[in-house]
Amino acid sequence: MKFAFVFPGQGSQSVGMMQGFDSLPVVRDTFAEAGDILRQDLWGMVAGGDAEALNLTVNTQPLMLTAGVAVFRAWNALNGAKPAVLAGHSLGEYSALVAAGVLSFADALPLVRLRAQAMQEAVEEGVGGMAAILGIDDDTVRAVCAEAAQGEVLEAVNFNSPGQVVIAGHKSAVERGMALAKEKGAKRALPLPVSVPSHCALMRTAAEALAQRLQSIAFQSPQIPVIHNADVQSHTDEGAIKDALARQLYSPVRWVDTVKSLAGQGIAALAECGPGKVLAGLNKRIDGSMQAFALADEAALRLAMETLK
C-alpha cells in the first residue's frame with residue numbers, strides 16, 4: 001500500500017506524550033541525543049509534568065521535532081515499510097526534512113530553536129493573536145479578515161480542514177475577526193492560547209532571521225519527497241527548500257491542499273508520525289477515502305506497520 005508520513009507541529013505536545021514508547025530504546029536514545037546537542041534534559045521535560053515549560057515556544061519546537069524524529073526512527077528500527085511521501089504541519093515540516101535526509105538532526109535542533117526565538121521576538125507578547133474559525137468556508141474567512149483588519153494585520157493562516165480555518169494577526173484585529181465571523185455564520189470562533197501570531201505578515205522579520213541562518217546550513221537532496229506548506233510542492237534544489245522554509249513563517253499552512261495533493265499522487269493511507277492525533281483527525285475530514293493512522297504509541301505503531309506492508 002502506498003502511504004505517506006505526516007508530522008505534527010506545535011500544539012500536539014503534552015506532558016507524558018512519549019510514555020507509550022517506553023520499551024523502544026531508540027526513542028529514549030533520540031531524546032538523549034537531542035539533549036546533548038541542546039544541553040537540556042528534553043526527556044525530563046516531557047516526562048516530568050511541567051506543562052508550563054513544555055509549552056514555551058523555545059522548548060516546544062525542539063521537543064516536537066525530537067518526538068517526530070524519534071517515532072520515525074522507531075518505525076525504521078522495527079523494519080517498517082518506507083513511506084512514499086512526507087509532509088509536516090508547520091513545524092512538522094522540519095521533522096519531515098530530517099526523515100527525508102535533507103537536514104541533519106544535529107543541524108535541525110538549533111535551527112528550530114532559533115526559529116522559535118525569532119518568532120517570539122518578532123512580535124511583543126500581547127500584541128498578536130490567533131483564533132480558530134469553525135463552520136464557514138474559506139472564502140468567507142478571507143472576506144472576514146479583509147473587513148476586520150481595519151489597517152492592522154489579519155490573515156487566514158491555517159487551512160486545516162473544510163470548515164476549520166485559523167486566523168492570525170494583531171490581537172485587536174483577531175478579536176474583531178472573531179466577532180464578524182460569528183455574524184457571518186461561524187459555529188464557533190475560539191481564541192488560541194498562543195503568544196505568537198504564526199504564518200502571517202507579522203512574521204516577516206522572523207523569516208529574515210531564519211533565512212540568514214539557513215544559508216549557513218548544508219542541505220542534501222531528499223531521499224523521500226517532502227511536500228512543503230508554503231507552495232504544496234516538493235523540491236530537490238537546496239535553495240528552493242530553504243526558500244520554502246523561510247516563506248512558511250509568513251505564509252498560510254495549506255493542509256487541505258497538501259492532503260489533496262497526496263491523494264492525487266495515489267496515496268492510500270496517512271500515518272501521523274509523532275504524539276497526538278490532530279492530523280489523523282483532520283485527514284479524515286479532508287479525504288475520508290484515505291486510511292488515517294496516529295502513531296501515538298508503540299501499539300499503534302505496530303498495528304500500522306502490519307497494515308502498511
# chains A, B, ... in the order shown; residues from 1 in each chain; ligands from 1
call {"tool": "residues_around", "arguments": {"residues": "A:Leu42", "least_positions_apart": "4", "cutoff": "7 Å", "atoms": "only C-alpha atoms", "output": "PDB file with C-alpha atoms, in the first residue's frame"}}
result
ATOM      1  CA  PHE A  31      15.831  12.328  23.155  1.00  0.00           C
ATOM      2  CA  GLY A  35      19.527  16.732  24.930  1.00  0.00           C
ATOM      3  CA  VAL A  46       8.382  15.586  28.529  1.00  0.00           C
ATOM      4  CA  LEU A  63      10.637  18.821  21.615  1.00  0.00           C
TER       5      LEU A  63
END
call {"tool": "select_by_dssp", "arguments": {"residues": "stretch 101-206 of chain A", "states": "helix (DSSP H, G or I)", "output": "VMD selection string"}}
result
chain A and resid 105 to 122 138 to 149 171 to 183 201 to 206
call {"tool": "closest_residue", "arguments": {"among": "A:Val194, A:Val71, A:Gly101, A:Lys260", "to": "A:Gly20", "atoms": "only C-alpha atoms"}}
result
A:Val71
call {"tool": "select_by_dssp", "arguments": {"residues": "stretch 31-167 of chain A", "states": "strand (DSSP E or B)", "output": "PyMOL selection string"}}
result
chain A and resi 85-88+128-134+154-161+164-167
call {"tool": "write_last_selection", "arguments": {"atoms": "all heavy atoms", "output": "compact mmCIF listing (two decimals), in the first residue's frame"}}
result
# COMPACT_ATOMS: atom_id res chain seq x y z
N VAL A 85 5.90 9.43 0.45
CA VAL A 85 5.95 10.89 0.52
C VAL A 85 5.90 11.29 1.99
O VAL A 85 5.37 10.55 2.83
CB VAL A 85 4.75 11.55 -0.21
CG1 VAL A 85 4.96 13.05 -0.36
CG2 VAL A 85 4.51 10.92 -1.57
N LEU A 86 6.45 12.48 2.29
CA LEU A 86 6.40 13.04 3.64
C LEU A 86 5.83 14.45 3.59
O LEU A 86 5.95 15.15 2.59
CB LEU A 86 7.82 13.11 4.24
CG LEU A 86 8.65 11.84 4.26
CD1 LEU A 86 10.07 12.16 4.74
CD2 LEU A 86 8.01 10.79 5.16
N ALA A 87 5.21 14.85 4.69
CA ALA A 87 4.76 16.23 4.86
C ALA A 87 4.69 16.52 6.34
O ALA A 87 4.60 15.59 7.16
CB ALA A 87 3.41 16.47 4.19
N GLY A 88 4.71 17.79 6.70
CA GLY A 88 4.58 18.17 8.10
C GLY A 88 3.76 19.42 8.23
O GLY A 88 3.80 20.30 7.36
N GLY A 128 0.02 40.21 19.37
CA GLY A 128 -0.56 39.34 18.36
C GLY A 128 -1.52 38.33 18.94
O GLY A 128 -1.61 38.14 20.16
N GLY A 129 -2.24 37.64 18.06
CA GLY A 129 -3.16 36.61 18.49
C GLY A 129 -3.54 35.69 17.35
O GLY A 129 -3.25 35.96 16.18
N MET A 130 -4.19 34.59 17.69
CA MET A 130 -4.70 33.64 16.71
C MET A 130 -6.05 33.13 17.19
O MET A 130 -6.32 33.11 18.40
CB MET A 130 -3.72 32.46 16.51
CG MET A 130 -2.34 32.86 16.04
SD MET A 130 -1.22 31.44 15.80
CE MET A 130 -1.84 30.78 14.23
N ALA A 131 -6.88 32.70 16.25
CA ALA A 131 -8.18 32.15 16.61
C ALA A 131 -8.60 31.13 15.56
O ALA A 131 -8.27 31.26 14.38
CB ALA A 131 -9.24 33.25 16.70
N ALA A 132 -9.32 30.12 16.00
CA ALA A 132 -9.87 29.11 15.10
C ALA A 132 -11.31 29.47 14.75
O ALA A 132 -12.12 29.76 15.64
CB ALA A 132 -9.83 27.73 15.76
N ILE A 133 -11.60 29.48 13.46
CA ILE A 133 -12.93 29.80 12.97
C ILE A 133 -13.54 28.51 12.42
O ILE A 133 -12.98 27.90 11.50
CB ILE A 133 -12.89 30.88 11.87
CG1 ILE A 133 -12.09 32.11 12.34
CG2 ILE A 133 -14.30 31.26 11.45
CD1 ILE A 133 -12.66 32.80 13.56
N LEU A 134 -14.69 28.12 12.96
CA LEU A 134 -15.29 26.84 12.60
C LEU A 134 -16.66 27.06 11.96
O LEU A 134 -17.48 27.84 12.47
CB LEU A 134 -15.46 25.96 13.84
CG LEU A 134 -14.21 25.76 14.72
CD1 LEU A 134 -14.55 24.88 15.92
CD2 LEU A 134 -13.08 25.15 13.92
N LEU A 154 -4.45 41.00 9.64
CA LEU A 154 -5.37 39.90 9.96
C LEU A 154 -5.47 39.02 8.73
O LEU A 154 -5.91 39.46 7.67
CB LEU A 154 -6.75 40.41 10.36
CG LEU A 154 -7.73 39.31 10.80
CD1 LEU A 154 -7.22 38.57 12.03
CD2 LEU A 154 -9.12 39.88 11.07
N GLU A 155 -5.06 37.77 8.86
CA GLU A 155 -4.99 36.87 7.72
C GLU A 155 -5.48 35.47 8.09
O GLU A 155 -5.36 35.05 9.25
CB GLU A 155 -3.54 36.77 7.20
CG GLU A 155 -2.96 38.10 6.74
CD GLU A 155 -1.47 38.02 6.48
OE1 GLU A 155 -0.92 36.90 6.44
OE2 GLU A 155 -0.84 39.08 6.33
N ALA A 156 -6.00 34.76 7.10
CA ALA A 156 -6.28 33.33 7.25
C ALA A 156 -4.96 32.58 7.08
O ALA A 156 -4.31 32.70 6.04
CB ALA A 156 -7.29 32.88 6.21
N VAL A 157 -4.56 31.82 8.10
CA VAL A 157 -3.19 31.30 8.10
C VAL A 157 -3.08 29.77 8.14
O VAL A 157 -2.05 29.23 7.75
CB VAL A 157 -2.37 31.90 9.26
CG1 VAL A 157 -2.24 33.41 9.10
CG2 VAL A 157 -2.97 31.56 10.62
N ASN A 158 -4.09 29.08 8.63
CA ASN A 158 -4.06 27.61 8.64
C ASN A 158 -5.36 27.10 8.04
O ASN A 158 -6.43 27.24 8.65
CB ASN A 158 -3.95 27.05 10.07
CG ASN A 158 -2.60 27.23 10.70
OD1 ASN A 158 -1.76 27.94 10.17
ND2 ASN A 158 -2.39 26.61 11.84
N PHE A 159 -5.26 26.49 6.86
CA PHE A 159 -6.43 25.86 6.25
C PHE A 159 -6.36 24.38 6.62
O PHE A 159 -5.81 23.56 5.88
CB PHE A 159 -6.41 26.09 4.74
CG PHE A 159 -6.57 27.55 4.37
CD1 PHE A 159 -5.46 28.34 4.16
CD2 PHE A 159 -7.83 28.12 4.28
CE1 PHE A 159 -5.60 29.69 3.83
CE2 PHE A 159 -7.99 29.47 3.95
CZ PHE A 159 -6.87 30.26 3.73
N ASN A 160 -6.91 24.06 7.80
CA ASN A 160 -6.67 22.76 8.41
C ASN A 160 -7.59 21.66 7.88
O ASN A 160 -7.18 20.52 7.69
CB ASN A 160 -6.82 22.85 9.92
CG ASN A 160 -5.64 23.56 10.57
OD1 ASN A 160 -4.53 23.50 10.07
ND2 ASN A 160 -5.89 24.23 11.68
N SER A 161 -8.84 22.00 7.66
CA SER A 161 -9.81 21.06 7.10
C SER A 161 -11.01 21.88 6.64
O SER A 161 -11.13 23.06 7.01
CB SER A 161 -10.24 20.02 8.14
OG SER A 161 -11.03 20.60 9.15
N GLN A 164 -12.64 24.52 8.99
CA GLN A 164 -11.76 24.82 10.13
C GLN A 164 -10.55 25.61 9.62
O GLN A 164 -9.64 25.06 9.00
CB GLN A 164 -11.28 23.56 10.83
CG GLN A 164 -10.45 23.89 12.08
CD GLN A 164 -9.81 22.69 12.74
OE1 GLN A 164 -8.62 22.70 13.06
NE2 GLN A 164 -10.58 21.63 12.94
N VAL A 165 -10.58 26.91 9.86
CA VAL A 165 -9.51 27.81 9.42
C VAL A 165 -9.04 28.63 10.62
O VAL A 165 -9.86 29.09 11.42
CB VAL A 165 -10.00 28.76 8.30
CG1 VAL A 165 -8.89 29.69 7.85
CG2 VAL A 165 -10.54 27.96 7.12
N VAL A 166 -7.74 28.80 10.73
CA VAL A 166 -7.17 29.63 11.80
C VAL A 166 -6.80 30.99 11.22
O VAL A 166 -6.25 31.07 10.11
CB VAL A 166 -5.93 28.96 12.41
CG1 VAL A 166 -5.24 29.89 13.42
CG2 VAL A 166 -6.32 27.65 13.09
N ILE A 167 -7.11 32.05 11.96
CA ILE A 167 -6.73 33.40 11.57
C ILE A 167 -5.67 33.92 12.54
O ILE A 167 -5.60 33.47 13.68
CB ILE A 167 -7.95 34.36 11.52
CG1 ILE A 167 -8.59 34.50 12.91
CG2 ILE A 167 -8.96 33.87 10.50
CD1 ILE A 167 -9.71 35.54 12.97
call {"tool": "closest_residue", "arguments": {"among": "A:Glu306, A:Glu147, A:Glu238, A:Asp50", "to": "A:Val15", "atoms": "only C-alpha atoms"}}
result
A:Asp50
call {"tool": "atom_distance", "arguments": {"atom1": "atom CA of A:Leu295", "atom2": "atom CA of A:Asp29"}}
result
18.2 Å
call {"tool": "residues_around", "arguments": {"residues": "A:Gly264", "least_positions_apart": "5", "cutoff": "12 Å", "atoms": "only C-alpha atoms", "output": "PyMOL selection string"}}
result
chain A and resi 2+85+257-259+287+289-290
call {"tool": "write_last_selection", "arguments": {"atoms": "N, CA and C atoms", "output": "PDB file, in the first residue's frame"}}
result
ATOM      1  N   LYS A   2       0.565   2.184  -0.873  1.00  0.00           N
ATOM      2  CA  LYS A   2       1.325   3.430  -0.966  1.00  0.00           C
ATOM      3  C   LYS A   2       0.831   4.390   0.122  1.00  0.00           C
ATOM      4  N   VAL A  85       5.899   9.430   0.453  1.00  0.00           N
ATOM      5  CA  VAL A  85       5.946  10.888   0.522  1.00  0.00           C
ATOM      6  C   VAL A  85       5.901  11.290   1.990  1.00  0.00           C
ATOM      7  N   ASP A 257      -4.925  21.437   0.988  1.00  0.00           N
ATOM      8  CA  ASP A 257      -4.314  21.241  -0.329  1.00  0.00           C
ATOM      9  C   ASP A 257      -3.232  20.173  -0.280  1.00  0.00           C
ATOM     10  N   THR A 258      -2.517  20.095   0.837  1.00  0.00           N
ATOM     11  CA  THR A 258      -1.459  19.090   0.984  1.00  0.00           C
ATOM     12  C   THR A 258      -2.044  17.686   0.957  1.00  0.00           C
ATOM     13  N   VAL A 259      -3.098  17.473   1.740  1.00  0.00           N
ATOM     14  CA  VAL A 259      -3.712  16.145   1.780  1.00  0.00           C
ATOM     15  C   VAL A 259      -4.325  15.792   0.423  1.00  0.00           C
ATOM     16  N   ASP A 287     -10.251  13.924   3.391  1.00  0.00           N
ATOM     17  CA  ASP A 287     -10.435  12.862   2.397  1.00  0.00           C
ATOM     18  C   ASP A 287     -10.668  11.554   3.140  1.00  0.00           C
ATOM     19  N   SER A 289     -11.531   8.802   2.132  1.00  0.00           N
ATOM     20  CA  SER A 289     -11.185   7.575   1.413  1.00  0.00           C
ATOM     21  C   SER A 289      -9.802   7.058   1.798  1.00  0.00           C
ATOM     22  N   MET A 290      -8.972   7.927   2.383  1.00  0.00           N
ATOM     23  CA  MET A 290      -7.641   7.505   2.807  1.00  0.00           C
ATOM     24  C   MET A 290      -7.684   7.031   4.254  1.00  0.00           C
TER      25      MET A 290
END
call {"tool": "closest_residue", "arguments": {"among": "A:Leu65, A:Leu180, A:Val253, A:Met203", "to": "A:Pro110", "atoms": "only C-alpha atoms"}}
result
A:Leu65
call {"tool": "closest_residue", "arguments": {"among": "A:Cys273, A:Asn283, A:Leu190, A:Tyr250", "to": "A:Ala304", "atoms": "only C-alpha atoms"}}
result
A:Cys273
call {"tool": "residues_around", "arguments": {"residues": "A:Gly68", "least_positions_apart": "6", "cutoff": "10 Å", "atoms": "only C-alpha atoms", "output": "number ranges by chain"}}
result
A: 6-9, 27, 74, 88, 92, 94-96, 98-99, 272-275, 295
call {"tool": "closest_residue", "arguments": {"among": "A:Ala201, A:Ile136, A:Leu91, A:Met1", "to": "A:Met64", "atoms": "only C-alpha atoms"}}
result
A:Leu91
call {"tool": "residues_around", "arguments": {"residues": "A:Ala51", "least_positions_apart": "4", "cutoff": "12 Å", "atoms": "only C-alpha atoms", "output": "NGL selection string"}}
result
:A and (13-17 or 44-47 or 55-57 or 59-60)
call {"tool": "atom_distance", "arguments": {"atom1": "atom CA of A:Arg176", "atom2": "atom CA of A:Gln150"}}
result
9.3 Å
call {"tool": "closest_residue", "arguments": {"among": "A:Leu111, A:Ala143, A:Met18, A:Ala53", "to": "A:Ser216", "atoms": "only C-alpha atoms"}}
result
A:Leu111
call {"tool": "residues_around", "arguments": {"residues": "stretch 102-106 of chain A", "least_positions_apart": "4", "cutoff": "12 Å", "atoms": "only C-alpha atoms", "output": "tab-separated table (two decimals) with N, CA and C atoms, in the first residue's frame"}}
result
chain	number	residue	atom	x	y	z
A	30	THR	N	17.06	8.90	21.07
A	30	THR	CA	16.88	10.10	20.25
A	30	THR	C	16.73	11.33	21.14
A	31	PHE	N	15.97	11.20	22.22
A	31	PHE	CA	15.83	12.33	23.16
A	31	PHE	C	17.16	12.63	23.85
A	33	GLU	N	20.14	12.12	22.56
A	33	GLU	CA	20.96	12.78	21.54
A	33	GLU	C	20.58	14.26	21.42
A	34	ALA	N	19.29	14.53	21.38
A	34	ALA	CA	18.83	15.91	21.29
A	34	ALA	C	19.24	16.70	22.53
A	35	GLY	N	19.14	16.07	23.69
A	35	GLY	CA	19.53	16.73	24.93
A	35	GLY	C	20.99	17.10	24.95
A	36	ASP	N	21.83	16.21	24.41
A	36	ASP	CA	23.26	16.51	24.33
A	36	ASP	C	23.53	17.69	23.39
A	37	ILE	N	22.81	17.74	22.28
A	37	ILE	CA	23.01	18.81	21.30
A	37	ILE	C	22.59	20.16	21.86
A	38	LEU	N	21.45	20.18	22.54
A	38	LEU	CA	20.90	21.45	23.06
A	38	LEU	C	21.31	21.73	24.51
A	62	PRO	N	11.77	22.40	19.61
A	62	PRO	CA	12.74	21.29	19.61
A	62	PRO	C	12.15	19.98	20.12
A	65	LEU	N	10.04	18.42	17.28
A	65	LEU	CA	10.97	17.91	16.27
A	65	LEU	C	11.55	16.57	16.73
A	66	THR	N	12.02	16.54	17.97
A	66	THR	CA	12.63	15.33	18.51
A	66	THR	C	11.63	14.18	18.56
A	67	ALA	N	10.40	14.48	18.97
A	67	ALA	CA	9.38	13.44	19.06
A	67	ALA	C	9.09	12.83	17.69
A	68	GLY	N	8.95	13.68	16.67
A	68	GLY	CA	8.68	13.18	15.33
A	68	GLY	C	9.81	12.32	14.79
A	69	VAL	N	11.04	12.79	15.00
A	69	VAL	CA	12.20	12.01	14.54
A	69	VAL	C	12.31	10.70	15.31
A	70	ALA	N	12.03	10.74	16.61
A	70	ALA	CA	12.11	9.53	17.43
A	70	ALA	C	11.13	8.46	16.95
A	73	ARG	N	12.34	7.04	13.67
A	73	ARG	CA	13.44	6.09	13.90
A	73	ARG	C	12.92	4.77	14.47
A	86	LEU	N	6.45	12.48	2.29
A	86	LEU	CA	6.40	13.04	3.64
A	86	LEU	C	5.83	14.45	3.59
A	93	GLU	N	7.18	20.21	9.37
A	93	GLU	CA	7.92	20.14	8.11
A	93	GLU	C	9.41	19.89	8.37
A	94	TYR	N	9.92	20.36	9.50
A	94	TYR	CA	11.33	20.14	9.83
A	94	TYR	C	11.58	18.68	10.19
A	95	SER	N	10.65	18.06	10.91
A	95	SER	CA	10.76	16.62	11.18
A	95	SER	C	10.76	15.84	9.87
A	96	ALA	N	9.91	16.24	8.93
A	96	ALA	CA	9.84	15.58	7.63
A	96	ALA	C	11.16	15.70	6.89
A	97	LEU	N	11.78	16.87	6.96
A	97	LEU	CA	13.04	17.09	6.25
A	97	LEU	C	14.18	16.27	6.87
A	98	VAL	N	14.17	16.10	8.19
A	98	VAL	CA	15.15	15.23	8.83
A	98	VAL	C	14.92	13.79	8.39
A	110	PRO	N	19.10	23.10	16.72
A	110	PRO	CA	19.34	24.53	16.98
A	110	PRO	C	18.63	25.43	15.99
A	111	LEU	N	18.36	24.93	14.79
A	111	LEU	CA	17.64	25.73	13.80
A	111	LEU	C	16.21	26.01	14.25
A	112	VAL	N	15.51	24.99	14.74
A	112	VAL	CA	14.13	25.23	15.16
A	112	VAL	C	14.08	26.04	16.45
A	113	ARG	N	15.12	25.92	17.27
A	113	ARG	CA	15.16	26.79	18.46
A	113	ARG	C	15.32	28.25	18.04
A	214	LEU	N	19.69	29.82	7.65
A	214	LEU	CA	19.61	28.71	6.71
A	214	LEU	C	20.78	28.71	5.73
A	217	ILE	N	23.72	26.43	6.63
A	217	ILE	CA	23.47	25.01	6.88
A	217	ILE	C	23.43	24.25	5.55
A	218	ALA	N	24.11	23.12	5.52
A	218	ALA	CA	24.13	22.31	4.31
A	218	ALA	C	22.89	21.42	4.24
A	219	PHE	N	22.21	21.46	3.11
A	219	PHE	CA	21.06	20.60	2.85
A	219	PHE	C	21.44	19.57	1.80
A	220	GLN	N	20.82	18.40	1.89
A	220	GLN	CA	21.02	17.33	0.91
A	220	GLN	C	19.73	17.14	0.10
A	221	SER	N	19.85	16.46	-1.02
A	221	SER	CA	18.65	16.15	-1.80
A	221	SER	C	17.78	15.16	-1.02
A	222	PRO	N	16.47	15.33	-1.04
A	222	PRO	CA	15.60	14.44	-0.26
A	222	PRO	C	15.63	13.00	-0.77
A	223	GLN	N	15.72	12.07	0.16
A	223	GLN	CA	15.65	10.65	-0.18
A	223	GLN	C	14.19	10.21	-0.35
A	224	ILE	N	13.28	10.99	0.24
A	224	ILE	CA	11.83	10.79	0.09
A	224	ILE	C	11.26	12.18	-0.20
A	225	PRO	N	10.37	12.35	-1.16
A	225	PRO	CA	9.81	13.67	-1.44
A	225	PRO	C	9.10	14.26	-0.22
A	226	VAL	N	9.28	15.56	-0.02
A	226	VAL	CA	8.62	16.29	1.07
A	226	VAL	C	7.75	17.38	0.46
A	235	HIS	N	10.45	19.87	-3.47
A	235	HIS	CA	11.62	20.46	-4.13
A	235	HIS	C	12.84	19.58	-3.90
A	236	THR	N	13.74	19.60	-4.88
A	236	THR	CA	15.02	18.89	-4.74
A	236	THR	C	16.18	19.86	-4.64
A	237	ASP	N	15.99	21.08	-5.11
A	237	ASP	CA	17.05	22.09	-5.08
A	237	ASP	C	17.19	22.67	-3.66
A	238	GLU	N	18.42	22.75	-3.19
A	238	GLU	CA	18.69	23.25	-1.83
A	238	GLU	C	18.13	24.65	-1.62
A	239	GLY	N	18.35	25.53	-2.58
A	239	GLY	CA	17.87	26.90	-2.46
A	239	GLY	C	16.35	26.97	-2.40
A	241	ILE	N	14.30	24.65	-1.28
A	241	ILE	CA	13.84	24.13	0.02
A	241	ILE	C	14.00	25.20	1.10
A	242	LYS	N	15.14	25.86	1.11
A	242	LYS	CA	15.38	26.91	2.11
A	242	LYS	C	14.41	28.06	1.94
A	245	LEU	N	11.08	27.13	3.39
A	245	LEU	CA	11.07	27.19	4.85
A	245	LEU	C	10.97	28.62	5.36
call {"tool": "residues_around", "arguments": {"residues": "A:Lys309", "least_positions_apart": "4", "cutoff": "12 Å", "atoms": "only C-alpha atoms", "output": "PyMOL selection string"}}
result
chain A and resi 1-3+79-83+269+302-305
call {"tool": "atom_distance", "arguments": {"atom1": "atom CA of A:Gly281", "atom2": "atom CA of A:Ala300"}}
result
14.9 Å
call {"tool": "decode", "arguments": {"residues": "stretch 84-103 of chain A", "atoms": "N, CA, C and O atoms", "output": "PDB file, in the first residue's frame"}}
result
ATOM      1  N   ALA A  84       6.046   6.709   0.859  1.00  0.00           N
ATOM      2  CA  ALA A  84       6.304   7.226  -0.488  1.00  0.00           C
ATOM      3  C   ALA A  84       6.533   8.739  -0.474  1.00  0.00           C
ATOM      4  O   ALA A  84       7.259   9.265  -1.317  1.00  0.00           O
ATOM      5  N   VAL A  85       5.899   9.430   0.453  1.00  0.00           N
ATOM      6  CA  VAL A  85       5.946  10.888   0.522  1.00  0.00           C
ATOM      7  C   VAL A  85       5.901  11.290   1.990  1.00  0.00           C
ATOM      8  O   VAL A  85       5.369  10.549   2.830  1.00  0.00           O
ATOM      9  N   LEU A  86       6.445  12.482   2.291  1.00  0.00           N
ATOM     10  CA  LEU A  86       6.403  13.038   3.638  1.00  0.00           C
ATOM     11  C   LEU A  86       5.827  14.449   3.590  1.00  0.00           C
ATOM     12  O   LEU A  86       5.954  15.155   2.586  1.00  0.00           O
ATOM     13  N   ALA A  87       5.210  14.846   4.694  1.00  0.00           N
ATOM     14  CA  ALA A  87       4.764  16.232   4.857  1.00  0.00           C
ATOM     15  C   ALA A  87       4.689  16.515   6.343  1.00  0.00           C
ATOM     16  O   ALA A  87       4.602  15.588   7.158  1.00  0.00           O
ATOM     17  N   GLY A  88       4.711  17.789   6.696  1.00  0.00           N
ATOM     18  CA  GLY A  88       4.584  18.165   8.099  1.00  0.00           C
ATOM     19  C   GLY A  88       3.763  19.421   8.229  1.00  0.00           C
ATOM     20  O   GLY A  88       3.799  20.296   7.362  1.00  0.00           O
ATOM     21  N   HIS A  89       3.018  19.522   9.318  1.00  0.00           N
ATOM     22  CA  HIS A  89       2.178  20.687   9.570  1.00  0.00           C
ATOM     23  C   HIS A  89       3.005  21.740  10.286  1.00  0.00           C
ATOM     24  O   HIS A  89       3.406  21.550  11.429  1.00  0.00           O
ATOM     25  N   SER A  90       3.312  22.832   9.581  1.00  0.00           N
ATOM     26  CA  SER A  90       4.102  23.936  10.132  1.00  0.00           C
ATOM     27  C   SER A  90       5.456  23.417  10.631  1.00  0.00           C
ATOM     28  O   SER A  90       6.261  22.926   9.846  1.00  0.00           O
ATOM     29  N   LEU A  91       5.705  23.459  11.935  1.00  0.00           N
ATOM     30  CA  LEU A  91       6.967  22.972  12.484  1.00  0.00           C
ATOM     31  C   LEU A  91       7.249  21.537  12.055  1.00  0.00           C
ATOM     32  O   LEU A  91       8.410  21.151  11.864  1.00  0.00           O
ATOM     33  N   GLY A  92       6.199  20.736  11.877  1.00  0.00           N
ATOM     34  CA  GLY A  92       6.381  19.344  11.484  1.00  0.00           C
ATOM     35  C   GLY A  92       7.131  19.165  10.179  1.00  0.00           C
ATOM     36  O   GLY A  92       7.673  18.092   9.909  1.00  0.00           O
ATOM     37  N   GLU A  93       7.180  20.211   9.368  1.00  0.00           N
ATOM     38  CA  GLU A  93       7.924  20.145   8.108  1.00  0.00           C
ATOM     39  C   GLU A  93       9.414  19.885   8.369  1.00  0.00           C
ATOM     40  O   GLU A  93      10.089  19.235   7.570  1.00  0.00           O
ATOM     41  N   TYR A  94       9.923  20.365   9.498  1.00  0.00           N
ATOM     42  CA  TYR A  94      11.332  20.142   9.834  1.00  0.00           C
ATOM     43  C   TYR A  94      11.581  18.676  10.187  1.00  0.00           C
ATOM     44  O   TYR A  94      12.607  18.107   9.805  1.00  0.00           O
ATOM     45  N   SER A  95      10.653  18.055  10.907  1.00  0.00           N
ATOM     46  CA  SER A  95      10.763  16.618  11.175  1.00  0.00           C
ATOM     47  C   SER A  95      10.764  15.838   9.866  1.00  0.00           C
ATOM     48  O   SER A  95      11.521  14.880   9.698  1.00  0.00           O
ATOM     49  N   ALA A  96       9.907  16.244   8.932  1.00  0.00           N
ATOM     50  CA  ALA A  96       9.844  15.579   7.629  1.00  0.00           C
ATOM     51  C   ALA A  96      11.163  15.700   6.890  1.00  0.00           C
ATOM     52  O   ALA A  96      11.638  14.739   6.265  1.00  0.00           O
ATOM     53  N   LEU A  97      11.781  16.872   6.960  1.00  0.00           N
ATOM     54  CA  LEU A  97      13.045  17.088   6.251  1.00  0.00           C
ATOM     55  C   LEU A  97      14.182  16.275   6.871  1.00  0.00           C
ATOM     56  O   LEU A  97      15.065  15.784   6.157  1.00  0.00           O
ATOM     57  N   VAL A  98      14.165  16.102   8.191  1.00  0.00           N
ATOM     58  CA  VAL A  98      15.154  15.230   8.828  1.00  0.00           C
ATOM     59  C   VAL A  98      14.923  13.786   8.393  1.00  0.00           C
ATOM     60  O   VAL A  98      15.862  13.063   8.035  1.00  0.00           O
ATOM     61  N   ALA A  99      13.656  13.355   8.399  1.00  0.00           N
ATOM     62  CA  ALA A  99      13.334  11.987   7.985  1.00  0.00           C
ATOM     63  C   ALA A  99      13.723  11.732   6.533  1.00  0.00           C
ATOM     64  O   ALA A  99      14.122  10.618   6.176  1.00  0.00           O
ATOM     65  N   ALA A 100      13.633  12.764   5.701  1.00  0.00           N
ATOM     66  CA  ALA A 100      13.981  12.632   4.276  1.00  0.00           C
ATOM     67  C   ALA A 100      15.471  12.718   4.017  1.00  0.00           C
ATOM     68  O   ALA A 100      15.906  12.554   2.873  1.00  0.00           O
ATOM     69  N   GLY A 101      16.268  13.001   5.058  1.00  0.00           N
ATOM     70  CA  GLY A 101      17.712  13.101   4.883  1.00  0.00           C
ATOM     71  C   GLY A 101      18.178  14.436   4.339  1.00  0.00           C
ATOM     72  O   GLY A 101      19.347  14.588   3.969  1.00  0.00           O
ATOM     73  N   VAL A 102      17.277  15.418   4.280  1.00  0.00           N
ATOM     74  CA  VAL A 102      17.636  16.745   3.763  1.00  0.00           C
ATOM     75  C   VAL A 102      18.457  17.509   4.779  1.00  0.00           C
ATOM     76  O   VAL A 102      19.436  18.196   4.452  1.00  0.00           O
ATOM     77  N   LEU A 103      18.070  17.394   6.021  1.00  0.00           N
ATOM     78  CA  LEU A 103      18.617  18.186   7.117  1.00  0.00           C
ATOM     79  C   LEU A 103      19.046  17.234   8.221  1.00  0.00           C
ATOM     80  O   LEU A 103      18.290  16.332   8.603  1.00  0.00           O
TER      81      LEU A 103
END
